[in-house]
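Trainee: Sending over entry_11.txt (compact mmCIF, C-alpha atoms and all ligand atoms).
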# COMPACT_ATOMS: atom_id res chain seq x y z
CA MET A 28 0.00 0.00 0.00
CA SER A 29 2.64 2.45 1.14
CA SER A 30 4.68 1.63 -1.95
CA THR A 31 1.70 2.53 -4.15
CA VAL A 32 1.28 5.87 -2.38
CA ALA A 33 4.99 6.55 -2.66
CA ALA A 34 5.04 5.56 -6.31
CA GLN A 35 2.25 7.88 -7.35
CA PRO A 36 4.06 11.24 -7.24
CA ILE A 37 6.96 9.73 -9.15
CA THR A 38 4.58 8.53 -11.85
CA VAL A 39 2.89 11.93 -12.03
CA HIS A 40 6.27 13.64 -12.21
CA ALA A 41 7.39 11.27 -14.95
CA ALA A 42 4.20 11.90 -16.90
CA ARG A 43 4.64 15.68 -16.59
CA LYS A 44 8.24 15.39 -17.75
CA LYS A 45 7.10 13.38 -20.73
CA ILE A 46 4.47 15.97 -21.61
CA THR A 47 7.10 18.73 -21.36
CA GLU A 48 9.45 16.78 -23.59
CA VAL A 49 6.73 16.22 -26.13
CA ALA A 50 5.81 19.89 -25.96
CA THR A 51 9.36 21.07 -26.58
CA THR A 52 10.21 18.57 -29.29
CA ARG A 53 6.96 18.79 -31.26
CA GLU A 54 7.52 20.80 -34.38
CA ALA A 55 5.57 24.04 -34.35
CA TRP A 56 4.76 23.48 -38.03
CA PRO A 57 4.90 19.95 -39.45
CA ALA A 58 5.66 20.15 -43.18
CA ALA A 59 2.30 18.51 -43.99
CA GLU A 60 0.45 21.34 -42.22
CA VAL A 61 2.48 23.93 -44.08
CA LEU A 62 1.72 22.17 -47.35
CA ALA A 63 -1.99 22.21 -46.44
CA LEU A 64 -1.77 26.01 -46.19
CA PHE A 65 -0.24 26.17 -49.68
CA GLU A 66 -3.18 24.11 -50.97
CA LEU A 67 -5.88 26.47 -49.65
CA PRO A 68 -7.94 28.42 -52.19
CA PHE A 69 -5.96 31.59 -52.95
CA ASN A 70 -8.49 33.97 -51.41
CA ASP A 71 -8.76 31.91 -48.21
CA LEU A 72 -4.99 31.84 -47.90
CA LEU A 73 -4.64 35.59 -48.39
CA TRP A 74 -7.45 36.28 -45.94
CA ARG A 75 -5.71 34.23 -43.25
CA ALA A 76 -2.36 35.85 -44.00
CA GLN A 77 -3.83 39.36 -43.86
CA GLN A 78 -5.49 38.58 -40.51
CA ALA A 79 -2.19 37.29 -39.06
CA HIS A 80 -0.44 40.36 -40.43
CA ARG A 81 -2.87 42.84 -38.87
CA GLU A 82 -2.50 41.20 -35.46
CA HIS A 83 1.13 42.24 -35.25
CA PHE A 84 1.84 45.00 -37.75
CA ASN A 85 0.52 48.16 -39.32
CA PRO A 86 -0.56 46.68 -42.69
CA ASN A 87 0.28 49.89 -44.55
CA GLU A 88 3.88 50.17 -43.44
CA VAL A 89 6.90 48.59 -45.08
CA GLU A 90 10.48 48.39 -43.89
CA LEU A 91 13.03 49.71 -46.40
CA ALA A 92 16.37 47.89 -46.28
CA THR A 93 19.26 48.77 -48.58
CA LEU A 94 21.84 46.21 -49.69
CA LEU A 95 25.48 46.80 -50.46
CA SER A 96 27.94 44.27 -51.80
CA ILE A 97 31.10 45.02 -49.78
CA LYS A 98 33.06 42.19 -51.45
CA THR A 99 31.88 41.19 -54.89
CA GLY A 100 32.45 38.00 -56.90
CA GLY A 101 35.08 35.28 -56.94
CA CYS A 102 33.23 33.13 -54.40
CA PRO A 103 34.51 29.54 -54.07
CA GLU A 104 31.00 28.12 -53.42
CA ASP A 105 28.95 26.61 -56.24
CA CYS A 106 25.42 27.87 -55.38
CA GLY A 107 23.62 27.21 -58.69
CA TYR A 108 21.66 30.48 -58.63
CA CYS A 109 24.50 32.82 -57.82
CA PRO A 110 26.16 35.24 -60.26
CA GLN A 111 29.06 35.66 -57.80
CA SER A 112 30.26 32.06 -57.80
CA SER A 113 33.67 31.55 -59.42
CA HIS A 114 32.36 28.23 -60.81
CA TYR A 115 30.30 30.06 -63.45
CA ASP A 116 31.14 32.61 -66.10
CA THR A 117 28.60 35.38 -65.60
CA GLY A 118 30.81 38.19 -66.86
CA LEU A 119 31.29 39.56 -63.35
CA THR A 120 34.74 40.83 -62.34
CA ALA A 121 35.73 39.92 -58.79
CA GLN A 122 36.60 42.88 -56.60
CA LYS A 123 38.47 43.46 -53.34
CA MET A 124 36.61 44.38 -50.19
CA MET A 125 35.36 47.97 -50.23
CA ALA A 126 37.03 50.58 -48.07
CA VAL A 127 35.22 51.53 -44.86
CA ASP A 128 34.75 55.14 -46.04
CA GLU A 129 33.02 54.04 -49.24
CA VAL A 130 30.64 51.86 -47.24
CA ILE A 131 29.80 54.76 -44.92
CA GLU A 132 29.09 56.95 -47.94
CA ALA A 133 26.69 54.35 -49.38
CA ALA A 134 24.98 53.95 -46.00
CA ARG A 135 24.51 57.71 -45.69
CA ALA A 136 22.93 57.84 -49.15
CA ALA A 137 20.63 54.93 -48.23
CA LYS A 138 19.55 56.75 -45.09
CA ASP A 139 18.91 59.95 -47.05
CA SER A 140 16.66 57.97 -49.40
CA GLY A 141 14.61 56.71 -46.44
CA ALA A 142 16.12 53.29 -45.64
CA THR A 143 16.20 52.22 -41.99
CA ARG A 144 18.24 49.07 -42.38
CA PHE A 145 21.55 48.61 -44.17
CA CYS A 146 22.73 45.14 -45.14
CA MET A 147 26.33 44.44 -46.09
CA GLY A 148 26.94 41.33 -48.17
CA ALA A 149 30.20 39.58 -49.06
CA ALA A 150 30.83 36.80 -51.58
CA TRP A 151 32.66 34.61 -49.10
CA ARG A 152 32.26 30.98 -48.13
CA SER A 153 33.12 32.26 -44.65
CA PRO A 154 35.05 35.33 -43.50
CA LYS A 155 38.66 35.12 -42.37
CA ASP A 156 39.22 36.50 -38.91
CA ARG A 157 41.21 39.42 -40.33
CA ASP A 158 38.34 40.29 -42.72
CA LEU A 159 36.20 40.90 -39.68
CA ASP A 160 38.41 43.78 -38.49
CA ALA A 161 37.14 45.95 -41.36
CA VAL A 162 33.57 44.62 -41.08
CA GLU A 163 33.53 45.59 -37.38
CA ASP A 164 34.51 49.16 -38.34
CA MET A 165 31.77 49.24 -40.98
CA VAL A 166 29.14 48.01 -38.53
CA LYS A 167 30.11 50.61 -35.93
CA ALA A 168 30.10 53.45 -38.46
CA VAL A 169 26.79 52.46 -40.10
CA LYS A 170 25.15 52.09 -36.72
CA ALA A 171 26.42 55.53 -35.73
CA LEU A 172 24.40 56.95 -38.63
CA GLY A 173 21.27 55.65 -36.89
CA LEU A 174 20.67 52.73 -39.24
CA GLU A 175 19.95 49.15 -38.25
CA THR A 176 22.80 46.92 -39.39
CA CYS A 177 22.75 43.53 -41.06
CA ALA A 178 25.59 41.49 -42.55
CA THR A 179 25.71 38.39 -44.72
CA LEU A 180 29.23 37.03 -44.95
CA GLY A 181 28.77 33.26 -45.28
CA MET A 182 29.35 30.65 -42.61
CA LEU A 183 30.47 31.87 -39.19
CA LYS A 184 32.26 30.23 -36.31
CA ALA A 185 30.89 30.87 -32.82
CA ALA A 186 33.69 33.32 -31.95
CA GLN A 187 33.12 35.27 -35.20
CA ALA A 188 29.42 35.67 -34.47
CA LYS A 189 30.36 36.93 -31.02
CA ARG A 190 32.76 39.49 -32.50
CA LEU A 191 30.05 40.84 -34.79
CA ALA A 192 27.58 41.03 -31.91
CA ASP A 193 30.15 42.90 -29.79
CA ALA A 194 30.67 45.37 -32.66
CA GLY A 195 26.95 46.18 -32.43
CA LEU A 196 25.61 44.25 -35.44
CA ASP A 197 21.83 43.90 -35.18
CA TYR A 198 21.03 41.10 -37.69
CA TYR A 199 22.93 38.36 -39.45
CA ASN A 200 21.53 37.06 -42.73
CA HIS A 201 22.17 33.43 -43.58
CA ASN A 202 19.59 31.65 -45.72
CA LEU A 203 18.52 28.02 -45.72
CA ASP A 204 17.68 28.64 -49.40
CA SER A 205 15.41 25.61 -49.92
CA ALA A 206 14.08 22.43 -48.32
CA PRO A 207 16.73 19.92 -47.21
CA GLU A 208 15.42 17.47 -49.85
CA PHE A 209 16.09 19.91 -52.71
CA TYR A 210 19.16 21.68 -51.38
CA GLN A 211 21.73 19.24 -52.81
CA ASP A 212 20.36 19.81 -56.32
CA ILE A 213 21.52 23.43 -56.04
CA ILE A 214 24.69 23.51 -53.90
CA SER A 215 27.38 20.90 -53.34
CA THR A 216 30.14 22.80 -51.54
CA ARG A 217 28.42 23.01 -48.14
CA ASP A 218 25.53 21.17 -46.63
CA TYR A 219 22.31 22.02 -44.87
CA GLN A 220 23.74 21.23 -41.45
CA ASP A 221 26.56 23.77 -42.02
CA ARG A 222 23.88 26.41 -42.46
CA LEU A 223 21.98 25.33 -39.37
CA ASP A 224 25.23 25.40 -37.38
CA THR A 225 25.93 29.00 -38.43
CA LEU A 226 22.38 29.99 -37.51
CA GLY A 227 22.94 28.38 -34.09
CA HIS A 228 26.12 30.43 -33.54
CA VAL A 229 24.34 33.61 -34.63
CA ARG A 230 21.48 33.01 -32.20
CA GLU A 231 23.87 32.02 -29.42
CA ALA A 232 25.82 35.28 -29.86
CA GLY A 233 22.62 37.25 -29.26
CA LEU A 234 22.28 38.53 -32.85
CA LYS A 235 18.88 38.70 -34.49
CA VAL A 236 18.42 36.13 -37.23
CA CYS A 237 17.56 37.01 -40.82
CA CYS A 238 16.95 33.75 -42.66
CA GLY A 239 14.88 32.80 -45.67
CA GLY A 240 15.25 31.22 -49.07
CA ILE A 241 14.70 31.32 -52.80
CA VAL A 242 11.71 30.10 -54.77
CA GLY A 243 11.49 29.47 -58.49
CA MET A 244 14.57 27.23 -58.76
CA GLY A 245 12.61 24.24 -60.09
CA GLU A 246 11.58 22.98 -56.66
CA THR A 247 8.13 21.48 -56.03
CA ARG A 248 5.40 22.97 -53.87
CA ALA A 249 6.25 20.35 -51.23
CA HIS A 250 9.83 21.66 -51.24
CA ARG A 251 8.58 25.21 -50.76
CA ALA A 252 6.48 23.98 -47.84
CA GLY A 253 9.56 22.14 -46.54
CA LEU A 254 11.61 25.36 -46.60
CA ILE A 255 8.94 27.34 -44.74
CA ALA A 256 8.55 24.51 -42.20
CA GLN A 257 12.30 24.54 -41.55
CA LEU A 258 12.23 28.30 -40.95
CA ALA A 259 9.08 28.27 -38.82
CA ASN A 260 10.42 25.39 -36.70
CA LEU A 261 13.62 27.21 -35.79
CA ASN A 262 13.16 27.95 -32.13
CA PRO A 263 12.68 30.89 -32.02
CA TYR A 264 11.83 31.51 -35.66
CA PRO A 265 13.84 34.24 -37.45
CA GLU A 266 13.02 37.89 -36.77
CA SER A 267 13.46 38.58 -40.46
CA VAL A 268 12.53 36.24 -43.33
CA PRO A 269 13.68 37.18 -46.85
CA ILE A 270 11.73 35.38 -49.57
CA ASN A 271 13.70 35.72 -52.79
CA HIS A 272 12.38 34.96 -56.24
CA LEU A 273 15.18 33.49 -58.35
CA VAL A 274 16.85 36.12 -60.50
CA ALA A 275 17.93 33.91 -63.38
CA VAL A 276 21.40 35.07 -64.40
CA GLU A 277 23.07 34.18 -67.70
CA GLY A 278 26.00 31.82 -67.12
CA THR A 279 24.59 30.19 -63.96
CA PRO A 280 23.14 26.66 -64.08
CA LEU A 281 19.68 28.14 -63.40
CA ALA A 282 19.84 30.67 -66.24
CA ASP A 283 17.14 28.90 -68.27
CA GLN A 284 14.98 27.83 -65.36
CA GLU A 285 11.30 27.71 -66.31
CA LYS A 286 9.39 30.58 -64.67
CA LEU A 287 7.32 29.85 -61.58
CA ASP A 288 3.66 30.93 -61.56
CA PRO A 289 3.88 34.34 -59.80
CA LEU A 290 0.80 33.49 -57.72
CA GLU A 291 2.82 30.63 -56.21
CA PHE A 292 5.36 33.21 -55.06
CA VAL A 293 2.52 35.18 -53.44
CA ARG A 294 1.36 31.98 -51.73
CA THR A 295 4.87 31.45 -50.34
CA ILE A 296 4.81 34.93 -48.79
CA ALA A 297 1.36 34.27 -47.30
CA VAL A 298 2.43 30.95 -45.78
CA ALA A 299 5.55 32.59 -44.31
CA ARG A 300 3.34 35.28 -42.76
CA ILE A 301 0.92 32.77 -41.21
CA THR A 302 3.61 30.48 -39.82
CA MET A 303 5.92 33.29 -38.59
CA PRO A 304 3.39 35.99 -37.69
CA LYS A 305 5.77 38.35 -35.87
CA ALA A 306 8.62 38.19 -38.39
CA ARG A 307 9.47 40.85 -40.93
CA VAL A 308 8.70 38.97 -44.13
CA ARG A 309 10.82 40.52 -46.85
CA LEU A 310 9.77 40.54 -50.48
CA SER A 311 13.39 40.24 -51.59
CA ALA A 312 15.13 39.49 -54.90
CA GLY A 313 13.12 39.34 -58.11
CA ARG A 314 10.79 42.34 -57.63
CA ARG A 315 11.74 43.92 -60.95
CA GLU A 316 10.59 40.82 -62.77
CA LEU A 317 7.42 40.40 -60.68
CA GLY A 318 5.93 43.78 -61.59
CA ASP A 319 3.59 46.08 -59.65
CA GLY A 320 0.48 43.88 -59.54
CA VAL A 321 2.22 40.85 -58.08
CA GLN A 322 4.12 43.03 -55.60
CA ALA A 323 0.82 44.53 -54.44
CA LEU A 324 -0.50 41.00 -53.85
CA CYS A 325 2.66 40.20 -51.86
CA TYR A 326 1.95 43.16 -49.56
CA LEU A 327 -1.61 41.90 -49.17
CA ALA A 328 -0.16 38.46 -48.33
CA GLY A 329 1.81 40.01 -45.46
CA ALA A 330 5.16 41.09 -46.88
CA ASN A 331 6.33 44.12 -44.90
CA SER A 332 9.90 44.68 -45.91
CA ILE A 333 11.70 45.20 -49.22
CA PHE A 334 15.20 45.75 -50.52
CA TYR A 335 15.23 49.39 -51.49
CA GLY A 336 17.71 50.94 -53.92
CA ASP A 337 18.37 50.29 -57.59
CA LYS A 338 20.76 47.39 -56.97
CA LEU A 339 20.57 44.17 -54.95
CA LEU A 340 24.11 42.79 -54.61
CA VAL A 341 25.04 42.64 -58.29
CA THR A 342 21.70 42.42 -60.12
CA GLY A 343 19.07 45.12 -60.58
CA ASN A 344 16.21 46.15 -58.32
CA PRO A 345 13.37 48.63 -59.02
CA GLU A 346 14.44 52.29 -59.02
CA VAL A 347 13.75 54.17 -55.78
CA GLU A 348 11.32 56.49 -57.61
CA GLN A 349 9.40 53.50 -58.93
CA ASP A 350 9.08 52.04 -55.43
CA ARG A 351 7.96 55.36 -54.02
CA ALA A 352 5.33 55.59 -56.75
CA LEU A 353 4.01 52.07 -56.09
CA LEU A 354 3.89 52.59 -52.31
CA GLY A 355 2.06 55.88 -52.96
CA ARG A 356 -0.49 54.17 -55.20
CA LEU A 357 -1.08 51.59 -52.46
CA GLY A 358 -1.29 54.20 -49.67
CA MET A 359 1.69 52.60 -47.94
CA GLN A 360 4.59 54.28 -46.16
CA GLY A 361 8.16 53.35 -45.34
CA LYS A 362 8.76 52.45 -41.68
CA GLN A 363 10.25 55.39 -39.81
CA GLY A 364 13.68 55.06 -38.21
CA SER A 365 14.01 55.06 -34.44
N1 LIG A 401 27.96 34.57 -49.53
C1 LIG A 401 27.05 34.66 -48.47
C2 LIG A 401 26.13 33.47 -48.37
O1 LIG A 401 25.80 32.87 -49.35
O2 LIG A 401 25.74 33.18 -47.25
C3 LIG A 401 26.22 35.93 -48.48
C4 LIG A 401 25.72 36.52 -49.78
S1 LIG A 401 24.59 35.52 -50.71
C5 LIG A 401 24.53 36.35 -52.24
C6 LIG A 401 23.03 35.80 -49.90
C7 LIG A 401 21.80 35.15 -50.45
O3 LIG A 401 21.39 35.78 -51.64
C8 LIG A 401 21.85 33.69 -50.82
O4 LIG A 401 21.77 32.83 -49.72
C9 LIG A 401 20.63 33.55 -51.70
O5 LIG A 401 19.50 33.19 -50.93
C10 LIG A 401 20.45 34.95 -52.29
N2 LIG A 401 20.69 34.97 -53.73
C11 LIG A 401 21.88 34.91 -54.34
N3 LIG A 401 21.74 34.92 -55.69
C12 LIG A 401 20.41 34.98 -55.94
C13 LIG A 401 19.64 35.00 -57.14
N4 LIG A 401 20.20 34.93 -58.34
N5 LIG A 401 18.30 35.08 -57.03
C14 LIG A 401 17.73 35.13 -55.81
N6 LIG A 401 18.41 35.11 -54.64
C15 LIG A 401 19.74 35.02 -54.70
C1 LIG A 402 18.74 37.76 -49.30
O1 LIG A 402 18.00 36.87 -48.86
N1 LIG A 402 18.66 38.27 -50.52
C2 LIG A 402 19.69 39.26 -50.73
C3 LIG A 402 20.36 39.37 -49.33
N2 LIG A 402 19.71 38.33 -48.59
C4 LIG A 402 21.79 39.37 -49.21
C5 LIG A 402 20.58 38.97 -51.88
C6 LIG A 402 19.84 38.83 -53.18
C7 LIG A 402 20.84 38.63 -54.26
C8 LIG A 402 20.22 38.65 -55.62
C9 LIG A 402 21.19 38.46 -56.72
C10 LIG A 402 22.36 39.42 -56.69
O2 LIG A 402 22.17 40.62 -56.94
O3 LIG A 402 23.47 38.95 -56.39
FE1 LIG A 403 29.06 32.52 -52.66
FE2 LIG A 403 26.96 33.35 -51.26
FE3 LIG A 403 26.91 33.31 -53.95
FE4 LIG A 403 26.86 31.02 -52.64
S1 LIG A 403 25.30 32.64 -52.57
S2 LIG A 403 28.15 31.49 -54.41
S3 LIG A 403 28.16 31.50 -50.88
S4 LIG A 403 28.19 34.59 -52.68
Write out the structure in this file as structure tokens.
Ligand code: SAM
Ligand code: DTB
Ligand code: SF4
Mentor:
Amino acid sequence: MSSTVAAQPITVHAARKKITEVATTREAWPAAEVLALFELPFNDLLWRAQQAHREHFNPNEVELATLLSIKTGGCPEDCGYCPQSSHYDTGLTAQKMMAVDEVIEAARAAKDSGATRFCMGAAWRSPKDRDLDAVEDMVKAVKALGLETCATLGMLKAAQAKRLADAGLDYYNHNLDSAPEFYQDIISTRDYQDRLDTLGHVREAGLKVCCGGIVGMGETRAHRAGLIAQLANLNPYPESVPINHLVAVEGTPLADQEKLDPLEFVRTIAVARITMPKARVRLSAGRRELGDGVQALCYLAGANSIFYGDKLLVTGNPEVEQDRALLGRLGMQGKQGS
């Protein structure tokens, strides 16, 4: 009898522990549930996305982030979409890292045009420790202008992420790019786990995570759902989620990729919004090709950030005047700086 009484609390404790374990290991978004969102009728999907969006954001405000390539071309990685890979002849000339002063000048111009975030990108597999000396100076100077800072420099070691955090970097961008099942069709020089490891170091260092992917590379809808599930199941999910549409560049293996139905791109934005309701979902590369109507649908689907300025890293982006005109037609405004 006494043994039964004594055993009971242990059993209850064990059961609680089990429930906690289940609760922490259960994926927030199983891929099948994400795929079910993709399969909703378009209007139902957009309605749900717009509701999620309005719960957390002003639906008429968009964050304006400007990109700058601080080290262009000559990258040793073989990412099949990328004009900066040295594996492909895209006509791009590799350049040295920009001087700190030039970066500050570009950041000042971005701020004057209304950007609130400035993202510095480098065509590296991973930075060398000595490269980070200059990047630290850039981060400090850009931050001093009152801009939010973001960097995308490839894979990071834990100590490198810490250095960037100590320099005052706000966000680190490192994309998962696609679902694990499709990833190896696009890149062979680093694997999915390498990317997850870098994201772990970034989070551990206290940086905010900017992580998304590319659609339109020939993946299936299930792969798109797989990518969004991976992002939404990061714990916590990224603060910033760039959804890029492939910019097909001559000379890359994806140059002749068949075009994705633009409404499928809008669906991807909507599913990202529903599964990561508090994230900044960025309508990223490919806006020039998508045109005004599809971009307007992306805003309706919950996109609330764009790359702003006539260049992405090396390819084109809509002109600032064109973006201002579209936002004006939609009654939207750029997010104000703090
Ligand atoms: N080298 C670093 C890296 O890959 O982590 C940082 C720069 S890299 C250009 C940043 C991201 O840009 C890639 O992960 C990819 O998602 C996106 N990107 C590159 N080329 C693209 C293209 N042609 N179309 C759409 N997105 C692209
Ligand atoms: C992201 O997700 N997209 C940006 C940024 N992060 C670095 C880069 C887009 C690159 C598009 C092709 C190019 O201009 O190189
Ligand atoms: Fe290099 Fe980044 Fe381009 Fe891949 S995406 S080839 S890592 S610059």
Trainee: May I have a table of the residues of chain A lying at most 6 Å from ligand LIG 403 (chain A), giving each one's closest pair of atoms and their distance in Å to one decimal, counting only C-alpha atoms and all ligand atoms, ordered by chain and ascending residue number, as a tab-separated table?
Mentor:
residue	atom	partner	partner_atom	distance
A:Cys102	CA	A:LIG403	FE1	4.6
A:Glu104	CA	A:LIG403	S2	4.5
A:Asp105	CA	A:LIG403	S2	5.3
A:Cys106	CA	A:LIG403	FE4	4.4
A:Cys109	CA	A:LIG403	FE3	4.6
A:Gln111	CA	A:LIG403	FE3	5.0
A:Ser112	CA	A:LIG403	S2	4.0
A:Ala150	CA	A:LIG403	S4	3.6
A:Trp151	CA	A:LIG403	FE1	5.5
A:Arg152	CA	A:LIG403	S3	5.0
A:Gly181	CA	A:LIG403	S3	5.9
Trainee: Go ahead and save the residues from that selection, with C-alpha atoms, as a PDB file, in the frame of the given file.
Mentor:
ATOM      1  CA  CYS A 102      33.230  33.130 -54.400  1.00  0.00           C
ATOM      2  CA  GLU A 104      31.000  28.120 -53.420  1.00  0.00           C
ATOM      3  CA  ASP A 105      28.950  26.610 -56.240  1.00  0.00           C
ATOM      4  CA  CYS A 106      25.420  27.870 -55.380  1.00  0.00           C
ATOM      5  CA  CYS A 109      24.500  32.820 -57.820  1.00  0.00           C
ATOM      6  CA  GLN A 111      29.060  35.660 -57.800  1.00  0.00           C
ATOM      7  CA  SER A 112      30.260  32.060 -57.800  1.00  0.00           C
ATOM      8  CA  ALA A 150      30.830  36.800 -51.580  1.00  0.00           C
ATOM      9  CA  TRP A 151      32.660  34.610 -49.100  1.00  0.00           C
ATOM     10  CA  ARG A 152      32.260  30.980 -48.130  1.00  0.00           C
ATOM     11  CA  GLY A 181      28.770  33.260 -45.280  1.00  0.00           C
TER      12      GLY A 181
END
Trainee: How many Å separate atom CA of Asp128 of chain A from atom N6 of ligand LIG 401 (chain A)?
Mentor: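 Straight-line distance from atom CA of Asp128 of chain A to atom N6 of ligand LIG 401 (chain A) works out to 27.2 Å.
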Trainee: Using only C-alpha atoms and all ligand atoms, I'd like a table of the residues in chain A that come within 6 Å of ligand LIG 401 (chain A); for each, show the closest atom pair and its distance in Å rounded to one decimal, ordered by chain and ascending number, as a Markdown table.
Mentor:
| residue | atom | partner | partner_atom | distance |
| --- | --- | --- | --- | --- |
| A:Tyr108 | CA | A:LIG401 | N4 | 4.7 |
| A:Cys109 | CA | A:LIG401 | N3 | 4.1 |
| A:Gly148 | CA | A:LIG401 | C4 | 5.2 |
| A:Ala149 | CA | A:LIG401 | C3 | 5.4 |
| A:Ala150 | CA | A:LIG401 | N1 | 4.2 |
| A:Trp151 | CA | A:LIG401 | N1 | 4.7 |
| A:Arg152 | CA | A:LIG401 | N1 | 5.8 |
| A:Thr179 | CA | A:LIG401 | C3 | 4.5 |
| A:Leu180 | CA | A:LIG401 | C3 | 4.8 |
| A:Gly181 | CA | A:LIG401 | O2 | 3.6 |
| A:His201 | CA | A:LIG401 | O2 | 5.1 |
| A:Asn202 | CA | A:LIG401 | O4 | 4.7 |
| A:Asp204 | CA | A:LIG401 | O5 | 5.1 |
| A:Gly240 | CA | A:LIG401 | O5 | 5.0 |
| A:Ile241 | CA | A:LIG401 | O5 | 5.5 |
| A:Asn271 | CA | A:LIG401 | C14 | 5.1 |
| A:His272 | CA | A:LIG401 | C14 | 5.4 |
| A:Leu273 | CA | A:LIG401 | N5 | 3.7 |
| A:Val274 | CA | A:LIG401 | N5 | 3.9 |
| A:Ala275 | CA | A:LIG401 | N4 | 5.6 |
| A:Ala312 | CA | A:LIG401 | C14 | 5.2 |
Trainee: So that I can check the surroundings of segment 78-94 of chain A, please list as JSON, numbers by chain every protein, DNA and RNA residue that reaches within 9 Å of it, counting only C-alpha atoms and ignoring chain neighbours fewer than 6 positions away.
Mentor: {"A": [134, 137, 138, 141, 142, 143, 144, 145, 146, 147, 148, 175, 300, 301, 302, 304, 305, 307, 309, 326, 327, 328, 329, 330, 331, 332, 333, 334, 335, 336, 338, 339, 340, 354, 357, 358, 359, 360, 361, 362, 363]}
Trainee: Report as a tab-separated table (two decimals) with C-alpha atoms, keeping the file's coordinate frame all protein, DNA and RNA residues lying within 9 Å of Glu231 of chain A, evaluated on only C-alpha atoms, omitting residues in the same chain fewer than 2 positions from it.
Mentor:
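Saved file selection00.tsv follows:
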chain	number	residue	atom	x	y	z
A	185	ALA	CA	30.89	30.87	-32.82
A	188	ALA	CA	29.42	35.67	-34.47
A	189	LYS	CA	30.36	36.93	-31.02
A	226	LEU	CA	22.38	29.99	-37.51
A	227	GLY	CA	22.94	28.38	-34.09
A	228	HIS	CA	26.12	30.43	-33.54
A	229	VAL	CA	24.34	33.61	-34.63
A	233	GLY	CA	22.62	37.25	-29.26
A	234	LEU	CA	22.28	38.53	-32.85
Trainee: Considering all atoms listed in the file, can you say which of A:Val347, A:Ala306, A:Cys177, A:Ala192 comes closest to ligand LIG 402 (chain A)?
Mentor: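 That would be A:Cys177, the residue with the smallest distance to ligand LIG 402 (chain A).
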Trainee: Quick check, in Å to one decimal: how far apart do atom C6 of ligand LIG 402 (chain A) and atom CA of Asp224 of chain A lie?
Mentor: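 Between atom C6 of ligand LIG 402 (chain A) and atom CA of Asp224 of chain A the gap is 21.4 Å.
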Trainee: I'd like to know which of A:Gly100, A:Gly118, A:Gly253, A:Pro269 is closest to ligand LIG 402 (chain A), using only C-alpha atoms and all ligand atoms.
Mentor: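 So, comparing all the options, the nearest one is A:Pro269.
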Trainee: Find the distance between atom CA of Trp74 of chain A and atom CA of Val293 of chain A and write it in Å to one decimal.
Mentor: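 Going from atom CA of Trp74 of chain A over to atom CA of Val293 of chain A covers 12.5 Å.
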Trainee: Just checking: using all atoms listed in the file, which residue out of A:Gly343, A:Gly245, A:Pro57, A:Gly320 ends up closest to Pro280 of chain A?
Mentor: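 Once distances to Pro280 of chain A are computed over all atoms listed in the file, the minimum belongs to A:Gly245.
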Trainee: Which one is closest to ligand LIG 402 (chain A): A:Arg248, A:Arg294, A:Arg351, A:Lys98? Count only C-alpha atoms and all ligand atoms.
Mentor: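 Selected residue with least distance to ligand LIG 402 (chain A): A:Lys98.
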